[in-house]
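Read the structure below first, then the notes.
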Amino acid sequence: MQLSDNFYFREFLHSEVAHYHGLKNIPINPDLAIETGSKLCTDILEPLQKQFGRIHVRSGYRSPTLNAFCNEQGLGCAQNNAARH
């Protein structure tokens with residue numbers, strides 16, 4: 001799904017940890033994730049890219065399940081109750 005002229009939803013869902021451990025990083029509310037991601041891309045990332053050049057998103061979303069796994073493994077992820085990164 002394309003979020004804006006130059007950004008796609010799959011960029012935000014990519015997680016090296018999830019891939020390595022065979023976990024899925026799927027939003028619990030896909031419609032909200034798409035709406036929020038589109039706004040982020042349109043209002044912030046597109047203007048930044050226009051001003052400074054290509055922006056490459058490595059990861060932009062971490063599901064509660066993946067977040068919990070990262071915390072159990074001591075990987076320093078944010079708590080599920082509030083993002084602190």
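How things are named: the first chain in the structure tokens is A, the next is B, and so on; residues count from 1 in each chain; ligands count from 1 in the order shown.
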Residue neighbourhood stretch 35-41 of chain A, 9 Å, only C-alpha atoms, exclusion window fewer than 5 positions, as a ChimeraX atom specification: /A:2-9,12,30,46-47,60
Please save C-alpha atoms of the selected residues as a CSV table (one decimal), in the first residue's frame.
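Wrote part_29.csv, looks like this:
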```
chain,number,residue,atom,x,y,z
A,2,GLN,CA,1.4,3.4,-1.0
A,3,LEU,CA,1.2,5.9,1.9
A,4,SER,CA,2.4,8.9,-0.1
A,5,ASP,CA,4.2,9.7,-3.4
A,6,ASN,CA,7.5,8.1,-2.2
A,7,PHE,CA,6.7,5.9,0.8
A,8,TYR,CA,5.0,2.5,1.2
A,9,PHE,CA,3.5,0.8,4.1
A,12,PHE,CA,7.2,0.7,8.1
A,30,PRO,CA,-4.4,-1.7,10.1
A,46,GLU,CA,7.7,14.1,2.0
A,47,PRO,CA,8.7,17.7,2.8
A,60,GLY,CA,8.3,2.5,11.6
```
Which of A:Cys77, A:Leu45, A:Gly22, A:Leu32 sits closest to A:Arg62 [using only C-alpha atoms]: A:Cys77
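Atom CA of A:Ile26 to atom CA of A:Leu13 spans 7.2 Å [interatomic distance, one decimal].
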Spatial neighbours of A:Phe69, max dist 10 Å, only C-alpha atoms, sep filter under 6 positions, as a ChimeraX atom specification: /A:17-18,21,23,63,75,77
Those of chain A in DSSP strand (DSSP E or B), formatted as a PyMOL selection string: chain A and resi 2+8+79+82
Using only all heavy atoms, please write the residues we just selected to a file, as a PDB file, in the first residue's frame.
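selection_35.pdb, written as the output of this step:
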```pdb
ATOM      1  N   GLN A   2       0.596   2.149  -0.879  1.00  0.00           N
ATOM      2  CA  GLN A   2       1.353   3.394  -0.976  1.00  0.00           C
ATOM      3  C   GLN A   2       0.759   4.410  -0.014  1.00  0.00           C
ATOM      4  O   GLN A   2      -0.436   4.685  -0.028  1.00  0.00           O
ATOM      5  CB  GLN A   2       1.311   3.919  -2.406  1.00  0.00           C
ATOM      6  CG  GLN A   2       2.311   4.995  -2.666  1.00  0.00           C
ATOM      7  CD  GLN A   2       2.536   5.239  -4.140  1.00  0.00           C
ATOM      8  OE1 GLN A   2       1.974   4.577  -4.996  1.00  0.00           O
ATOM      9  NE2 GLN A   2       3.380   6.200  -4.445  1.00  0.00           N
ATOM     10  N   TYR A   8       5.943   3.641   1.180  1.00  0.00           N
ATOM     11  CA  TYR A   8       5.048   2.501   1.171  1.00  0.00           C
ATOM     12  C   TYR A   8       4.925   1.906   2.567  1.00  0.00           C
ATOM     13  O   TYR A   8       5.869   1.939   3.358  1.00  0.00           O
ATOM     14  CB  TYR A   8       5.575   1.429   0.205  1.00  0.00           C
ATOM     15  CG  TYR A   8       5.511   1.871  -1.228  1.00  0.00           C
ATOM     16  CD1 TYR A   8       6.547   2.617  -1.785  1.00  0.00           C
ATOM     17  CD2 TYR A   8       4.414   1.559  -2.016  1.00  0.00           C
ATOM     18  CE1 TYR A   8       6.483   3.046  -3.105  1.00  0.00           C
ATOM     19  CE2 TYR A   8       4.350   1.983  -3.335  1.00  0.00           C
ATOM     20  CZ  TYR A   8       5.383   2.718  -3.867  1.00  0.00           C
ATOM     21  OH  TYR A   8       5.316   3.144  -5.167  1.00  0.00           O
ATOM     22  N   GLN A  79       8.187  -0.079  25.999  1.00  0.00           N
ATOM     23  CA  GLN A  79       7.112  -0.826  26.643  1.00  0.00           C
ATOM     24  C   GLN A  79       5.843  -0.678  25.820  1.00  0.00           C
ATOM     25  O   GLN A  79       5.667   0.306  25.112  1.00  0.00           O
ATOM     26  CB  GLN A  79       6.886  -0.279  28.062  1.00  0.00           C
ATOM     27  CG  GLN A  79       8.087  -0.415  28.976  1.00  0.00           C
ATOM     28  CD  GLN A  79       8.447  -1.864  29.253  1.00  0.00           C
ATOM     29  OE1 GLN A  79       7.574  -2.699  29.451  1.00  0.00           O
ATOM     30  NE2 GLN A  79       9.718  -2.170  29.242  1.00  0.00           N
ATOM     31  N   ALA A  82       3.486   2.689  26.428  1.00  0.00           N
ATOM     32  CA  ALA A  82       3.814   4.020  25.899  1.00  0.00           C
ATOM     33  C   ALA A  82       5.156   3.958  25.180  1.00  0.00           C
ATOM     34  O   ALA A  82       6.127   3.459  25.719  1.00  0.00           O
ATOM     35  CB  ALA A  82       3.888   5.048  27.025  1.00  0.00           C
TER      36      ALA A  82
END
```
Alpha helix (DSSP H) positions in chain A, given as JSON, numbers by chain: {"A": [9, 10, 11, 12, 13, 16, 17, 18, 19, 20, 21, 30, 31, 32, 33, 34, 35, 36, 37, 38, 39, 40, 46, 47, 48, 49, 50, 51, 52, 64, 65, 66, 67, 68, 69, 70, 71, 72]}
Write a file of the just-selected residues containing N, CA and C atoms, as a compact mmCIF listing (two decimals), in the first residue's frame.
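Wrote it out as again-v4.txt, contents follow:
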```txt
# COMPACT_ATOMS: atom_id res chain seq x y z
N PHE A 9 3.76 1.33 2.84
CA PHE A 9 3.47 0.75 4.15
C PHE A 9 4.48 -0.33 4.53
N ARG A 10 4.90 -1.13 3.57
CA ARG A 10 5.83 -2.23 3.87
C ARG A 10 7.14 -1.73 4.49
N GLU A 11 7.55 -0.50 4.16
CA GLU A 11 8.77 0.05 4.76
C GLU A 11 8.62 0.18 6.27
N PHE A 12 7.44 0.52 6.71
CA PHE A 12 7.19 0.74 8.14
C PHE A 12 7.03 -0.57 8.89
N LEU A 13 6.63 -1.62 8.21
CA LEU A 13 6.40 -2.91 8.85
C LEU A 13 7.65 -3.77 8.94
N GLU A 16 13.89 -6.27 11.45
CA GLU A 16 14.95 -7.27 11.39
C GLU A 16 14.76 -8.31 12.49
N VAL A 17 14.33 -7.88 13.67
CA VAL A 17 14.11 -8.81 14.78
C VAL A 17 12.99 -9.79 14.42
N ALA A 18 11.89 -9.27 13.91
CA ALA A 18 10.77 -10.14 13.53
C ALA A 18 11.20 -11.12 12.45
N HIS A 19 11.89 -10.64 11.46
CA HIS A 19 12.35 -11.51 10.37
C HIS A 19 13.28 -12.60 10.90
N TYR A 20 14.23 -12.24 11.71
CA TYR A 20 15.21 -13.19 12.24
C TYR A 20 14.53 -14.27 13.08
N HIS A 21 13.53 -13.89 13.87
CA HIS A 21 12.88 -14.83 14.78
C HIS A 21 11.60 -15.43 14.21
N PRO A 30 -5.06 -2.08 11.34
CA PRO A 30 -4.44 -1.68 10.06
C PRO A 30 -4.95 -0.34 9.52
N ASP A 31 -6.25 -0.08 9.65
CA ASP A 31 -6.80 1.17 9.12
C ASP A 31 -6.18 2.39 9.82
N LEU A 32 -6.04 2.30 11.13
CA LEU A 32 -5.42 3.39 11.89
C LEU A 32 -3.94 3.53 11.54
N ALA A 33 -3.25 2.40 11.39
CA ALA A 33 -1.83 2.44 11.03
C ALA A 33 -1.64 3.08 9.65
N ILE A 34 -2.50 2.76 8.72
CA ILE A 34 -2.41 3.33 7.37
C ILE A 34 -2.74 4.83 7.40
N GLU A 35 -3.78 5.19 8.13
CA GLU A 35 -4.15 6.60 8.23
C GLU A 35 -3.03 7.42 8.87
N THR A 36 -2.50 6.92 9.97
CA THR A 36 -1.43 7.62 10.67
C THR A 36 -0.16 7.66 9.84
N GLY A 37 0.18 6.54 9.21
CA GLY A 37 1.36 6.49 8.36
C GLY A 37 1.26 7.43 7.18
N SER A 38 0.09 7.51 6.57
CA SER A 38 -0.11 8.42 5.44
C SER A 38 0.09 9.87 5.87
N LYS A 39 -0.45 10.22 7.03
CA LYS A 39 -0.30 11.59 7.54
C LYS A 39 1.16 11.89 7.83
N LEU A 40 1.85 10.96 8.47
CA LEU A 40 3.28 11.14 8.75
C LEU A 40 4.06 11.36 7.46
N GLU A 46 7.62 13.57 3.37
CA GLU A 46 7.72 14.09 2.00
C GLU A 46 8.40 15.46 1.98
N PRO A 47 7.98 16.41 2.84
CA PRO A 47 8.68 17.71 2.84
C PRO A 47 10.16 17.58 3.23
N LEU A 48 10.48 16.72 4.19
CA LEU A 48 11.88 16.53 4.56
C LEU A 48 12.68 15.97 3.39
N GLN A 49 12.10 14.99 2.71
CA GLN A 49 12.79 14.40 1.56
C GLN A 49 12.98 15.42 0.45
N LYS A 50 12.00 16.25 0.22
CA LYS A 50 12.12 17.29 -0.80
C LYS A 50 13.25 18.26 -0.46
N GLN A 51 13.38 18.58 0.82
CA GLN A 51 14.40 19.54 1.26
C GLN A 51 15.81 18.94 1.31
N PHE A 52 15.92 17.69 1.80
CA PHE A 52 17.24 17.12 2.10
C PHE A 52 17.65 15.93 1.26
N PRO A 64 2.41 -4.89 19.24
CA PRO A 64 2.52 -5.20 20.66
C PRO A 64 3.17 -6.57 20.91
N THR A 65 2.87 -7.54 20.05
CA THR A 65 3.47 -8.87 20.20
C THR A 65 4.97 -8.82 20.00
N LEU A 66 5.41 -8.14 18.96
CA LEU A 66 6.84 -8.02 18.70
C LEU A 66 7.52 -7.19 19.79
N ASN A 67 6.85 -6.14 20.25
CA ASN A 67 7.39 -5.32 21.32
C ASN A 67 7.59 -6.14 22.59
N ALA A 68 6.58 -6.96 22.93
CA ALA A 68 6.68 -7.81 24.12
C ALA A 68 7.83 -8.79 23.98
N PHE A 69 7.97 -9.41 22.80
CA PHE A 69 9.06 -10.34 22.56
C PHE A 69 10.41 -9.65 22.75
N CYS A 70 10.55 -8.47 22.18
CA CYS A 70 11.82 -7.73 22.30
C CYS A 70 12.14 -7.44 23.77
N ASN A 71 11.12 -7.08 24.55
CA ASN A 71 11.33 -6.81 25.97
C ASN A 71 11.70 -8.07 26.73
N GLU A 72 11.04 -9.19 26.42
CA GLU A 72 11.36 -10.46 27.08
C GLU A 72 12.79 -10.88 26.80
```
Å distance separating atom CA of A:Asn29 from atom CA of A:Gln73, one decimal place: 25.0 Å
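Rounded to one decimal, atom CA of A:Arg54 and atom CA of A:Asn25 lie 24.9 Å from each other.
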